[in-house]
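As structure tokens, the structure follows; a few thoughts come after it.
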Amino acid sequence: MRKIYNMLLMITKFLWTKMEMEQIAKWAYIAFVAVAIVMGLVVGYMTWNNPADPAVADTDGYVTLIMLILGIVIGVTSITAKEITPFLIATIALMVAGTGIGVGIGGVWYPLSRIHDLLYYWATYILRYIVAFAAPAAVIISVRSLFAMAKEK
């Protein structure tokens with residue numbers, strides 16, 4: 001057990017010295033978006049396969065919670081001052097697109113169900129999880145920006 005701990009410690013030190021914090025944050029953000037996409041595909045398929053299954057709702061809740069936690073991690077640790085404005089604009093665009101999920105009959109992605117129902121579920125859940133990831137990060141970054149502006153005055 002001690003050997004495994006020492007090996008993990010050595011790998012962590014190596015990665016930490018080789019990669020700057022900004023690079024780690026960039027790769028973490030990319031990894032978290034990839035997780036949102038993969039889980040959107042999985043839960044979308046589960047919903048398409050059996051929408052009345054309570055396991056779908058449970059899985060959706062857990063995935064949303066995980067994405068919220070990952071968004072908090074990104075919001076607290078990784079967005080630099082020069083990235084604040086582009087990140088917030090992108091998050092606003094995602095949230096506006098996310099509100100389109102419930103617009104009208106079946107939402108903005110509903111025409112995809114005319115091609116195949118699975119496409120509708122995939123698009124809906126992928127966007128839902130990306131928004132669940134980006135929203136808490138945007139809130140934290142916005143609050144940090146407000147505090148920074150208040151300190152300047």
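Each chain in the structure tokens gets a letter, A, B and so on, in the order shown; residues start at 1 in every chain, and ligands are counted from 1 in the order they appear.
Residues lying within 6 Å of region 75-87 of chain A, counting only C-alpha atoms and ignoring same-chain neighbours fewer than 6 positions away, are Ala25, Ala137, Ile140 and Ile141 of chain A.
Proximity ranking of A:Ala93, A:Pro136, A:Ala31, A:Trp48 relative to Ser113 (chain A) places A:Trp48 first, based on only C-alpha atoms.
The list of residues with at least one atom within 8 Å of Ile130 (chain A), based on only C-alpha atoms and without residues fewer than 6 positions apart in the same chain, reads Val33, Ala36, Ile37, Met67 and Leu94 of chain A.
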Hey, can you spit out that residue selection with C-alpha atoms as a PDB file, in the first residue's frame?
```
ATOM      1  CA  VAL A  33     -17.203  18.677 -20.976  1.00  0.00           C
ATOM      2  CA  ALA A  36     -21.061  15.789 -19.821  1.00  0.00           C
ATOM      3  CA  ILE A  37     -21.275  14.620 -23.431  1.00  0.00           C
ATOM      4  CA  MET A  67     -21.793  18.109 -13.046  1.00  0.00           C
ATOM      5  CA  LEU A  94     -25.441  27.864 -23.252  1.00  0.00           C
TER       6      LEU A  94
END
```
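In terms of minimum interatomic distance to Val73 (chain A), A:Val139 ranks closest within A:Ala150, A:Leu112, A:Val139, A:Ile4, counting only C-alpha atoms.
Proximity ranking of A:Trp109, A:Arg128, A:Thr91, A:Asp117 relative to Ser142 (chain A) places A:Thr91 first, based on only C-alpha atoms.
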Give the helix (DSSP H, G or I) residues of region 73-140 of chain A, as assigned by DSSP on the backbone, as a PDB file with C-alpha atoms, in the first residue's frame.
```
ATOM      1  CA  VAL A  73     -14.404  23.020  -8.943  1.00  0.00           C
ATOM      2  CA  ILE A  74     -13.777  24.822 -12.242  1.00  0.00           C
ATOM      3  CA  GLY A  75     -15.313  28.049 -10.953  1.00  0.00           C
ATOM      4  CA  VAL A  76     -13.177  28.085  -7.827  1.00  0.00           C
ATOM      5  CA  THR A  77      -9.879  26.977  -9.306  1.00  0.00           C
ATOM      6  CA  ALA A  81      -8.964  37.219 -15.194  1.00  0.00           C
ATOM      7  CA  LYS A  82      -8.556  37.375 -18.980  1.00  0.00           C
ATOM      8  CA  GLU A  83     -10.944  34.420 -19.450  1.00  0.00           C
ATOM      9  CA  ILE A  84     -13.810  35.819 -17.370  1.00  0.00           C
ATOM     10  CA  THR A  85     -15.671  37.726 -20.091  1.00  0.00           C
ATOM     11  CA  PRO A  86     -15.468  35.023 -22.804  1.00  0.00           C
ATOM     12  CA  PHE A  87     -16.420  32.337 -20.294  1.00  0.00           C
ATOM     13  CA  LEU A  88     -19.445  34.271 -19.042  1.00  0.00           C
ATOM     14  CA  ILE A  89     -20.617  35.054 -22.584  1.00  0.00           C
ATOM     15  CA  ALA A  90     -20.308  31.389 -23.554  1.00  0.00           C
ATOM     16  CA  THR A  91     -22.187  30.355 -20.410  1.00  0.00           C
ATOM     17  CA  ILE A  92     -24.974  32.832 -21.134  1.00  0.00           C
ATOM     18  CA  ALA A  93     -25.289  31.402 -24.654  1.00  0.00           C
ATOM     19  CA  LEU A  94     -25.441  27.864 -23.252  1.00  0.00           C
ATOM     20  CA  MET A  95     -28.058  28.812 -20.690  1.00  0.00           C
ATOM     21  CA  VAL A  96     -30.211  30.534 -23.307  1.00  0.00           C
ATOM     22  CA  ALA A  97     -29.958  27.450 -25.513  1.00  0.00           C
ATOM     23  CA  GLY A  98     -30.730  25.328 -22.463  1.00  0.00           C
ATOM     24  CA  THR A  99     -33.924  27.240 -21.765  1.00  0.00           C
ATOM     25  CA  GLY A 100     -34.965  26.421 -25.302  1.00  0.00           C
ATOM     26  CA  ILE A 101     -35.284  22.802 -24.168  1.00  0.00           C
ATOM     27  CA  GLY A 102     -38.725  23.460 -22.739  1.00  0.00           C
ATOM     28  CA  TYR A 110     -38.105  18.291 -30.808  1.00  0.00           C
ATOM     29  CA  PRO A 111     -37.759  18.312 -34.624  1.00  0.00           C
ATOM     30  CA  LEU A 112     -34.882  15.871 -34.165  1.00  0.00           C
ATOM     31  CA  SER A 113     -37.405  13.345 -32.897  1.00  0.00           C
ATOM     32  CA  ARG A 114     -38.996  13.398 -36.351  1.00  0.00           C
ATOM     33  CA  ILE A 115     -35.757  11.872 -37.637  1.00  0.00           C
ATOM     34  CA  ASP A 117     -36.356   9.913 -31.032  1.00  0.00           C
ATOM     35  CA  LEU A 118     -32.894   9.054 -29.742  1.00  0.00           C
ATOM     36  CA  LEU A 119     -31.413  12.194 -31.345  1.00  0.00           C
ATOM     37  CA  TYR A 120     -33.850  14.351 -29.384  1.00  0.00           C
ATOM     38  CA  TYR A 121     -32.928  12.698 -26.085  1.00  0.00           C
ATOM     39  CA  TRP A 122     -29.205  12.899 -26.787  1.00  0.00           C
ATOM     40  CA  ALA A 123     -29.299  16.599 -27.687  1.00  0.00           C
ATOM     41  CA  THR A 124     -31.455  17.426 -24.676  1.00  0.00           C
ATOM     42  CA  TYR A 125     -29.353  15.589 -22.091  1.00  0.00           C
ATOM     43  CA  ILE A 126     -25.989  16.661 -23.496  1.00  0.00           C
ATOM     44  CA  LEU A 127     -26.994  20.316 -23.360  1.00  0.00           C
ATOM     45  CA  ARG A 128     -28.594  19.860 -19.942  1.00  0.00           C
ATOM     46  CA  TYR A 129     -25.382  18.458 -18.462  1.00  0.00           C
ATOM     47  CA  ILE A 130     -23.128  21.042 -20.070  1.00  0.00           C
ATOM     48  CA  VAL A 131     -25.356  23.792 -18.652  1.00  0.00           C
ATOM     49  CA  ALA A 132     -25.366  22.048 -15.243  1.00  0.00           C
ATOM     50  CA  PHE A 133     -21.571  22.117 -15.400  1.00  0.00           C
ATOM     51  CA  ALA A 134     -21.166  25.703 -16.644  1.00  0.00           C
ATOM     52  CA  ALA A 135     -23.826  27.441 -14.521  1.00  0.00           C
ATOM     53  CA  PRO A 136     -22.224  27.052 -11.057  1.00  0.00           C
ATOM     54  CA  ALA A 137     -18.838  28.006 -12.501  1.00  0.00           C
ATOM     55  CA  ALA A 138     -20.408  31.136 -14.006  1.00  0.00           C
ATOM     56  CA  VAL A 139     -22.058  32.072 -10.706  1.00  0.00           C
ATOM     57  CA  ILE A 140     -18.795  31.700  -8.793  1.00  0.00           C
TER      58      ILE A 140
END
```
> Residues at most 10 Å from Ala55 (chain A), counting only C-alpha atoms, excluding those fewer than 6 positions away in the same chain, as a list in words?
Replying inline: Val43, Met46, Thr47 and Gly61 of chain A
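The gap separating CA of Val108 (chain A) from CA of Thr64 (chain A) is 20.6 Å, in Å to one decimal.
Computed from the coordinates, the CA of Phe147 (chain A) to CA of Leu70 (chain A) distance equals 22.5 Å.
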> CA of Ile72 (chain A) and CA of Lys26 (chain A), how far apart in Å?
Replying inline: 14.9 Å
